[in-house]
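Report on the structure given below.
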Amino acid sequence: MDNIEKIEKYLVKNFDQHEIFEERSNQRSISFESNNLKEVSSNQSQGFAARAIKDNQITFSSSSNYDYENFISNFKELSNYPIPIDIRFPEQKDSKNTIIYDDEILSYKNEYLIETLKKNINKILLRFPNASCDAGFSLAESNSNLRNSSKLNINSQESFISFYISSQIINGNDMLNIYKYKNSVNAIKEKDIDFMVSELCKELSIAQNIVDTPKKGCPVIFTPHGLYQTLLSPLLVSFSGTNLSKNLSSLCGKEGKKLFDEKIILSDDPHIDYSPASRNYDDEGVVTKKNILINKGIFDSGLYDLKTGSESSKKSTGSAGRSVHSNPSPTTSNIVMNEGQITINNIISNIDEGILVDHLLGAGQGNELSGNFSANISLGYKIEKGEIIGRVKNTMISGNAFDALRDIEEISLERDQVYGSMMLPYLHTKNVEISS
Amino acid sequence: MNNNYENLINDVLKTGNGDYKEIRLEENKSSRITYSGKVRENISINSRLGGSVRAMANGGWGFSSFNDIYQAPQKMKETLTLAKYNSNELFEIEKNNPIRTKILPVLKKDPRKIKLSEKINILDHYKDLILSQEDIESCDIIYADTDRKVVFADSKGNNIEQNFIHVVLRIAAYSSDGNEMLQSGFSIGSLGDYGIIENLDSEILDCAKKAKDLIDAPKVEGKETTVVLDQILAGVFVHEAFGHLSEADNVYENERLKEILTLGKKFGNKDLNITDGAKIPNLRGSYEFDDEGTPATKTPLIREGILTGRLHSNETANKMSEEATGNARAISFAFPPIVRMSNTIIENGKDKKEDIIKDTKDGLYVKNWYGGMTEHEMFTFSSAETYRIENGEIKETLRPVKLSGNLFTTLKNINGIADDLLINQGGGCGKGGQMPLPVSNGSPHIRINKCLVSNG
């Protein structure tokens with residue numbers, strides 16, 4: 001009998017319900033720094049966690065050393081101070097069959113990956129000889145098993161590949177840095193990389209021109225990345241069952257109310273093939289589903305796991321996420337915002353003086369529960385007479401995500417992937433403050 | 001640590017060729033207790049075991065990490081193969097005489113000897129105390145202690161075992177203005193002293209009062225203004241505004257940055273002195289040897305406003321022909337060591353805090369912190385408490401603010417440094433996916449002219 005079986009036997013004997021989560025993963029990474037190959041690395045990790053419930057009280061512990069005696073002694077000590085809970089570990093149900101694994105990427109040879117990185121760095125250096133580029137690939141495979149006392153037993157296999165390339169140009173005391181990345185479950189195609197590199201070059205050439213910040217009160221347009229960092233990141237905190245169940249979220253009890261602009265539909269969709277954030281079961285074994293968060297401006301639902309769902313008198317929305325060493329908690333999968341009717345070029349061409357916000361520095365350090373945000377614009381462009389004319393510097397943006405999304409101007413037709421797990425449009429709003 | 005590891009380490013270091021090889025093995029046990037509102041939310045004990053090997057060939061690195069430590073010799077073989085993909089300029093890892101030593105943990109009041117029940121009792125008491133205060137709607141408490149044992153050994157004959165005991169506590173109290181939740185909080189930490197967790201009633205009452213005071217506090221409009229920073233926020237400022245750019249891994253292969261950050265260049269006024277050092281004892285960023293086995297030092301980074309030093313790993317020191325400073329650190333066995341800060345401080349000046357405030361006609365007094373971040377020459381950091389200064393007097397409470405600046409101008413805009421240095425140990429630093437690394441920051445009160453602020 002291996003140690004995990006012994007632990008399971010102990011849990012069966014001493015608790016009403018139990019659950020064991022085990023994960024093993026292998027990862028390989030290649031990184032270039034300052035135009036040169038820097039490090040080739042591999043990572044093997046494994047570990048397990050157990051949760052057990054007796055008389056509606058739960059105990060949790062985790063380990064990566066598979067030491068039976070030690071684990072049981074920790075578990076016994078912890079079970080003297082259990083946490084109240086009112087949940088039943090789920091039985092196994094049929095799920096969708098969203099594709100989250102592709103073995104092709106794991107067969108990529110290091111030589112090929114190194115060549116691809118070198119080739120693309122050289123493309124940038126050919127146009128910008130004074131640039132300093134970092135780039136890398138990371139490939140991973142993970143296998144997990146979740147089983148519980150309700151006879152659920154799920155094996156899951158996932159693959160993951162990420163690519164990034166960044167380029168720095170220093171002029172006087174100005175350090176300009178632009179990066180592009182893509183995450184996927186299956187191969188990142190050469191044409192996708194070509195596109196990212198050509199966009200990066202285009203932006204490098206515009207951004208070297210530093211211009212004055214537009215005046216206060218000007219129109220603000222967010223790129224998909226800027227939209228996530230500025231508005232969605234503080235907003236999503238309030239959709240988490242963790243904050244809803246404790247009455248900390250300002251959305252508490254406001255289901256069905258119109259809180260946002262009716263042009264906005266925002267959902268959490270775990271069933272997008274080949275997206276790294278997709279999942280057929282969540283990390284408690286609940287079958288996942290698409291959850292509508294905002295439906296034409298109306299707050300529809302938050303995201304719950306079993307515990308926060310039960311504390312809010314709601315069902316789990318299949319949103320539990322965890323690492324081996326932490327308790328499950330509500331997490332997002334793929335956050336998707338609807339597309340609009342107008343192209344981003346048309347949005348920009350209608351603006352006399354405005355700002356396009358792409359990357360922020362220092363977002364997420366404040367009181368996110370309030371929806372407030374405040375950050376330095378680390379990459380943002382000035383729009384003048386319908387055209388992007390250069391980069392703004394030493395400029396801050398602040399406001400409140402709820403206010404900014406209550407009344408928006410436009411959403412673009414184009415959408416782009418953000419952090420491999422979001423599909424977002426460009427968004428034009430007015431309720432934000434710019435200062436410099 | 002387990003004596004059987006000695007043979008394993010020898011096997012690993014004997015495996016294959018390569019210019020330089022090293023191994024780290026780590027045992028880690030951490031306890032964590034958290035509260036959210038009235039509810040004790042989580043109590044857990046995590047035990048981890050793992051290791052990593054790193055090898056140099058053709059002027060570059062191969063690195064492998066693993067939980068199954070008995071795979072280590074096989075992993076070293078693979079790592080040597082990985083390292084051979086490099087084709088960079090060769091460099092030597094220079095080390096002094098090999099050191100074999102076992103460093104005992106710094107201990108004042110050992111958290112491992114405190115029963116779980118005692119920890120829970122004291123935290124339960126703090127939770128009840130906060131929630132019993134007027135206008136307080138909720139609270140967060142996060143307590144953690146960690147026992148981390150690490151053995152480092154390399155092909156130069158070094159074998160160093162170190163043991164670190166860390167204690168951290170973060171407490172936040174929430175009030176509400178009917179529209180949004182408002183919070184006030186504080187973070188403390190120590191190397192090996194559970195005692196810091198005890199007798200915090202007055203700090204907690206103060207924290208609850210500050211959360212209450214925020215209810216009627218007005219917001220600050222975005223503008224450039226004069227700010228006086230307390231010691232804690234000034235500590236975060238020095239870490240973000242200057243500390244990260246003094247890490248040589250940003251600089252050593254970047255010719256333009258090397259020019260900009262040439263030693264001898266003026267970055268601040270004559271009264272500005274900045275130091276980093278793990279050799280400063282008994283702080284959370286203190287250690288005897290870094291994760292490459294280099295002895296810790298104390299590095300003057302700025303002396304009288306002039307750039308005098310930077311933080312190094314063995315590789316960056318070698319490639320810049322400077323001395324290694326013992327700042328190569330890894331958050332755990334799963335990551336390679338990279339150049340990091342340890343304990344970073346602005347040293348005492350000659351001014352008095354009272355005079356600095358009295359001399360400020362119009363500005364903000366900003367205290368305590370939520371966070372901070374750096375991207376190249378730009379940085380932001382955020383206050384947890386803000387007060388208006390008018391005609392040399394501290395006036396009403398305002399909502400927290402975010403401050404933003406630029407390395408090349410903001411350090412020169414410091415025009416007041418007090419003599420009341422205080423070191424905060426409640427923070428952690430993130431870089432290259434490795435977070436939170438134990439560091440400490442310190443400073444006396446300082447005043448900065450023309451700092452960009454906006455409502456936090």
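Residues in the structure tokens are named by chain (A, B, ... in the order shown) and by number from 1 within that chain; ligands are numbered from 1 in the order shown.
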
Q) Could you name the residues that touch segment 207-209 of chain A at 10 Å or less, counting only C-alpha atoms, but leaving out those on the same chain fewer than 5 positions away, as JSON, numbers by chain? A) {"A": [169, 170, 171, 174, 175, 176, 177, 178, 201, 202, 379, 380, 381, 382, 388, 389, 390, 391, 392]}

Resulting file, chosen residues, C-alpha atoms, as a PDB file, in the first residue's frame:
```
ATOM      1  CA  ILE A 169      15.143  50.762 -26.423  1.00  0.00           C
ATOM      2  CA  ILE A 170      16.878  53.386 -24.289  1.00  0.00           C
ATOM      3  CA  ASN A 171      17.031  56.993 -25.466  1.00  0.00           C
ATOM      4  CA  ASP A 174      13.843  57.131 -21.372  1.00  0.00           C
ATOM      5  CA  MET A 175      13.529  53.355 -21.209  1.00  0.00           C
ATOM      6  CA  LEU A 176      10.916  52.061 -23.606  1.00  0.00           C
ATOM      7  CA  ASN A 177       9.838  48.455 -23.275  1.00  0.00           C
ATOM      8  CA  ILE A 178       7.215  46.682 -25.384  1.00  0.00           C
ATOM      9  CA  CYS A 201       8.057  46.656 -34.359  1.00  0.00           C
ATOM     10  CA  LYS A 202       5.201  48.943 -35.355  1.00  0.00           C
ATOM     11  CA  LEU A 379       2.531  52.245 -22.154  1.00  0.00           C
ATOM     12  CA  GLY A 380      -0.058  54.646 -23.562  1.00  0.00           C
ATOM     13  CA  TYR A 381      -0.426  56.650 -26.749  1.00  0.00           C
ATOM     14  CA  LYS A 382      -1.779  60.073 -27.620  1.00  0.00           C
ATOM     15  CA  ILE A 388      -1.955  57.852 -32.951  1.00  0.00           C
ATOM     16  CA  ILE A 389       0.947  60.307 -32.878  1.00  0.00           C
ATOM     17  CA  GLY A 390       3.251  59.115 -30.089  1.00  0.00           C
ATOM     18  CA  ARG A 391       3.690  57.872 -26.524  1.00  0.00           C
ATOM     19  CA  VAL A 392       2.752  59.684 -23.299  1.00  0.00           C
TER      20      VAL A 392
END
```

Q | Counting only C-alpha atoms, chain A residues within 6 Å of chain B, as an MDAnalysis selection string | A | chainID A and resid 38:45 60:65 362 365:366 370 374 435

Residue subset to file, keeping N, CA and C atoms, as a PDB file, in the first residue's frame:
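Output contents, as saved in selection-v9.pdb:
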```pdb
ATOM      1  N   LYS A  38      19.990  32.446 -22.490  1.00  0.00           N
ATOM      2  CA  LYS A  38      20.444  32.638 -21.115  1.00  0.00           C
ATOM      3  C   LYS A  38      20.348  31.338 -20.325  1.00  0.00           C
ATOM      4  N   GLU A  39      19.205  30.666 -20.446  1.00  0.00           N
ATOM      5  CA  GLU A  39      18.999  29.506 -19.582  1.00  0.00           C
ATOM      6  C   GLU A  39      18.048  28.522 -20.237  1.00  0.00           C
ATOM      7  N   VAL A  40      18.370  27.241 -20.097  1.00  0.00           N
ATOM      8  CA  VAL A  40      17.451  26.184 -20.511  1.00  0.00           C
ATOM      9  C   VAL A  40      17.136  25.411 -19.236  1.00  0.00           C
ATOM     10  N   SER A  41      15.866  25.271 -18.923  1.00  0.00           N
ATOM     11  CA  SER A  41      15.572  24.679 -17.618  1.00  0.00           C
ATOM     12  C   SER A  41      14.425  23.696 -17.674  1.00  0.00           C
ATOM     13  N   SER A  42      14.344  22.857 -16.671  1.00  0.00           N
ATOM     14  CA  SER A  42      13.215  21.930 -16.556  1.00  0.00           C
ATOM     15  C   SER A  42      12.746  21.914 -15.107  1.00  0.00           C
ATOM     16  N   ASN A  43      11.475  21.576 -14.920  1.00  0.00           N
ATOM     17  CA  ASN A  43      10.923  21.567 -13.574  1.00  0.00           C
ATOM     18  C   ASN A  43       9.987  20.376 -13.438  1.00  0.00           C
ATOM     19  N   GLN A  44      10.201  19.581 -12.405  1.00  0.00           N
ATOM     20  CA  GLN A  44       9.292  18.463 -12.118  1.00  0.00           C
ATOM     21  C   GLN A  44       8.663  18.765 -10.783  1.00  0.00           C
ATOM     22  N   SER A  45       7.334  18.700 -10.701  1.00  0.00           N
ATOM     23  CA  SER A  45       6.741  18.917  -9.379  1.00  0.00           C
ATOM     24  C   SER A  45       5.603  17.937  -9.134  1.00  0.00           C
ATOM     25  N   PHE A  60      -7.854  20.738   6.378  1.00  0.00           N
ATOM     26  CA  PHE A  60      -7.079  20.722   5.120  1.00  0.00           C
ATOM     27  C   PHE A  60      -5.589  20.618   5.427  1.00  0.00           C
ATOM     28  N   SER A  61      -4.875  19.823   4.641  1.00  0.00           N
ATOM     29  CA  SER A  61      -3.409  19.852   4.728  1.00  0.00           C
ATOM     30  C   SER A  61      -2.817  19.390   3.398  1.00  0.00           C
ATOM     31  N   SER A  62      -1.566  19.762   3.136  1.00  0.00           N
ATOM     32  CA  SER A  62      -0.944  19.372   1.868  1.00  0.00           C
ATOM     33  C   SER A  62       0.506  18.992   2.088  1.00  0.00           C
ATOM     34  N   SER A  63       1.072  18.285   1.107  1.00  0.00           N
ATOM     35  CA  SER A  63       2.446  17.826   1.262  1.00  0.00           C
ATOM     36  C   SER A  63       3.061  17.537  -0.104  1.00  0.00           C
ATOM     37  N   SER A  64       4.356  17.719  -0.201  1.00  0.00           N
ATOM     38  CA  SER A  64       5.029  17.252  -1.413  1.00  0.00           C
ATOM     39  C   SER A  64       6.098  16.230  -1.048  1.00  0.00           C
ATOM     40  N   ASN A  65       6.135  15.823   0.232  1.00  0.00           N
ATOM     41  CA  ASN A  65       7.173  14.844   0.604  1.00  0.00           C
ATOM     42  C   ASN A  65       6.634  13.431   0.827  1.00  0.00           C
ATOM     43  N   GLY A 362       1.589  49.404 -11.506  1.00  0.00           N
ATOM     44  CA  GLY A 362       1.053  49.666 -10.169  1.00  0.00           C
ATOM     45  C   GLY A 362      -0.449  49.500 -10.071  1.00  0.00           C
ATOM     46  N   GLN A 365      -2.841  47.737  -6.610  1.00  0.00           N
ATOM     47  CA  GLN A 365      -2.228  47.872  -5.281  1.00  0.00           C
ATOM     48  C   GLN A 365      -3.156  48.527  -4.277  1.00  0.00           C
ATOM     49  N   GLY A 366      -4.243  49.095  -4.757  1.00  0.00           N
ATOM     50  CA  GLY A 366      -5.104  49.851  -3.844  1.00  0.00           C
ATOM     51  C   GLY A 366      -6.227  49.000  -3.303  1.00  0.00           C
ATOM     52  N   SER A 370     -13.420  48.294  -3.716  1.00  0.00           N
ATOM     53  CA  SER A 370     -14.241  49.460  -3.996  1.00  0.00           C
ATOM     54  C   SER A 370     -14.371  49.687  -5.493  1.00  0.00           C
ATOM     55  N   SER A 374      -5.903  53.107  -9.762  1.00  0.00           N
ATOM     56  CA  SER A 374      -5.014  54.243  -9.877  1.00  0.00           C
ATOM     57  C   SER A 374      -3.654  53.698 -10.256  1.00  0.00           C
ATOM     58  N   SER A 435      -3.927  62.330 -15.058  1.00  0.00           N
ATOM     59  CA  SER A 435      -3.149  63.434 -14.496  1.00  0.00           C
ATOM     60  C   SER A 435      -1.680  63.274 -14.843  1.00  0.00           C
TER      61      SER A 435
END
```

Q: Please indicate the distance in Å from atom CA of Asp271 of chain B to atom CA of Phe242 of chain B, rounded to one decimal place.
A: 15.7 Å

Q. Neighbours of Tyr126 of chain B within 12 Å (only C-alpha atoms; same-chain residues fewer than 2 positions away dropped), as an NGL selection string?
A. :B and (34-35 or 37-38 or 40 or 119-124 or 128-133 or 139-143 or 169-173 or 197-205 or 207-208)

Q. Near Gly442 of chain B, counting only C-alpha atoms, which residues have an atom at most 9 Å away, once you skip same-chain residues fewer than 4 positions from it, shown as a VMD selection string?
A. chain B and resid 231 to 236 238 to 239 343 to 347 421 to 425

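From atom CA of His325 of chain A back to atom CA of Thr59 of chain A, the distance works out to 13.3 Å.
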
Q.
I want to know what sits within 7 Å of segment 281-289 of chain B, based on only C-alpha atoms, with residues of the same chain fewer than 2 positions away left out; could you give that as a PyMOL selection string?
A. chain B and resi 106+190-191+278-279+291+293-296+326+342-343+425+438-440

Q | Neighbour list for Glu190 of chain A as number ranges by chain, cut-off 10 Å, only C-alpha atoms, skip fewer than 5 positions in-chain | A | A: 116, 195-196

Q: Would you mind writing down, as a ChimeraX atom specification, each residue of segment 146-359 of chain B that DSSP on the backbone assigns to helix (DSSP H, G or I)?
A: /B:194-197,201-216,231-246,248-250,255-260,314-319,353-358

Q.
Just want the 9 Å neighbourhood of Glu304 of chain B, counted on only C-alpha atoms, with same-chain residues fewer than 2 positions away dropped. Output as a VMD selection string.
A. chain B and resid 266 268 to 274 302 306 to 307

Q. Looking only at the backbone, which of the residues in segment 85-301 of chain B does DSSP tag as strand (DSSP E or B), as JSON, numbers by chain?
A. {"B": [100, 101, 102, 103, 109, 138, 139, 140, 141, 142, 143, 144, 145, 146, 147, 148, 149, 150, 151, 152, 153, 154, 159, 160, 161, 162, 163, 164, 165, 166, 167, 168, 169, 170, 171, 172, 173, 174, 175, 176, 181, 182, 183, 184, 185, 186, 187, 188, 189, 190, 191, 193, 223, 224, 225, 226, 227, 228, 229, 247, 266, 274, 275, 276, 277, 289, 295, 298, 299, 300, 301]}

Print the selection's residues with C-alpha atoms to a file, as an mmCIF file, in the first residue's frame.
```
data_model
loop_
_atom_site.group_PDB
_atom_site.id
_atom_site.type_symbol
_atom_site.label_atom_id
_atom_site.label_comp_id
_atom_site.auth_asym_id
_atom_site.auth_seq_id
_atom_site.Cartn_x
_atom_site.Cartn_y
_atom_site.Cartn_z
ATOM 1 C CA ARG B 100 31.695 23.809 4.950
ATOM 2 C CA THR B 101 29.348 25.083 7.597
ATOM 3 C CA LYS B 102 25.964 24.681 9.240
ATOM 4 C CA ILE B 103 24.269 27.915 10.278
ATOM 5 C CA LYS B 109 10.954 33.277 20.548
ATOM 6 C CA SER B 138 -15.135 43.250 8.734
ATOM 7 C CA CYS B 139 -11.485 42.284 9.031
ATOM 8 C CA ASP B 140 -8.774 40.168 7.435
ATOM 9 C CA ILE B 141 -6.043 38.459 9.413
ATOM 10 C CA ILE B 142 -3.268 36.443 7.809
ATOM 11 C CA TYR B 143 -0.692 34.768 10.045
ATOM 12 C CA ALA B 144 2.079 32.499 8.767
ATOM 13 C CA ASP B 145 5.269 30.981 10.105
ATOM 14 C CA THR B 146 7.802 29.080 8.027
ATOM 15 C CA ASP B 147 10.690 26.802 8.907
ATOM 16 C CA ARG B 148 12.994 26.593 5.862
ATOM 17 C CA LYS B 149 16.137 24.430 5.821
ATOM 18 C CA VAL B 150 18.371 24.656 2.754
ATOM 19 C CA VAL B 151 21.602 22.833 1.905
ATOM 20 C CA PHE B 152 23.743 24.307 -0.843
ATOM 21 C CA ALA B 153 26.728 22.465 -2.296
ATOM 22 C CA ASP B 154 28.838 23.070 -5.391
ATOM 23 C CA ASN B 159 28.663 22.821 1.502
ATOM 24 C CA ILE B 160 26.484 25.237 3.441
ATOM 25 C CA GLU B 161 23.364 24.432 5.425
ATOM 26 C CA GLN B 162 21.157 27.311 6.595
ATOM 27 C CA ASN B 163 17.894 27.414 8.524
ATOM 28 C CA PHE B 164 15.463 30.337 8.441
ATOM 29 C CA ILE B 165 12.417 30.798 10.661
ATOM 30 C CA HIS B 166 10.057 33.518 9.443
ATOM 31 C CA VAL B 167 6.964 34.950 11.145
ATOM 32 C CA VAL B 168 4.539 37.318 9.357
ATOM 33 C CA LEU B 169 1.218 38.889 10.296
ATOM 34 C CA ARG B 170 -1.079 41.129 8.245
ATOM 35 C CA ILE B 171 -4.163 42.682 9.815
ATOM 36 C CA ALA B 172 -6.750 44.832 8.009
ATOM 37 C CA ALA B 173 -9.913 46.451 9.351
ATOM 38 C CA TYR B 174 -12.792 47.380 7.017
ATOM 39 C CA SER B 175 -15.305 50.182 7.345
ATOM 40 C CA SER B 176 -17.823 51.390 4.781
ATOM 41 C CA MET B 181 -15.525 49.309 1.552
ATOM 42 C CA LEU B 182 -12.581 51.183 3.100
ATOM 43 C CA GLN B 183 -9.626 49.534 4.732
ATOM 44 C CA SER B 184 -6.766 50.271 7.067
ATOM 45 C CA GLY B 185 -4.132 47.667 7.788
ATOM 46 C CA PHE B 186 -0.608 46.885 8.920
ATOM 47 C CA SER B 187 1.968 44.183 8.246
ATOM 48 C CA ILE B 188 4.738 43.012 10.548
ATOM 49 C CA GLY B 189 7.343 40.294 10.301
ATOM 50 C CA SER B 190 10.434 38.898 11.968
ATOM 51 C CA LEU B 191 13.270 36.466 11.582
ATOM 52 C CA ASP B 193 10.656 35.933 16.798
ATOM 53 C CA LYS B 223 -1.701 66.441 -9.115
ATOM 54 C CA GLU B 224 1.997 67.098 -8.549
ATOM 55 C CA THR B 225 2.651 68.032 -4.938
ATOM 56 C CA THR B 226 5.100 67.957 -2.019
ATOM 57 C CA VAL B 227 4.898 64.775 0.059
ATOM 58 C CA VAL B 228 6.370 63.883 3.450
ATOM 59 C CA LEU B 229 6.787 60.105 3.766
ATOM 60 C CA GLU B 247 20.200 44.949 -9.238
ATOM 61 C CA LYS B 266 25.035 61.763 -9.325
ATOM 62 C CA ILE B 274 21.421 54.296 0.510
ATOM 63 C CA THR B 275 22.680 50.868 1.616
ATOM 64 C CA ASP B 276 21.616 47.264 1.043
ATOM 65 C CA GLY B 277 22.945 44.363 3.025
ATOM 66 C CA PHE B 289 25.310 33.124 2.619
ATOM 67 C CA PRO B 295 29.002 35.361 1.936
ATOM 68 C CA LYS B 298 26.691 45.283 3.197
ATOM 69 C CA THR B 299 26.794 47.330 -0.016
ATOM 70 C CA PRO B 300 26.806 51.130 -0.110
ATOM 71 C CA LEU B 301 24.657 51.914 -3.169
#
```

(Q) One decimal, in Å: what's the spacing between atom CA of Lys13 of chain A and atom CA of Ser73 of chain A? (A) 15.1 Å
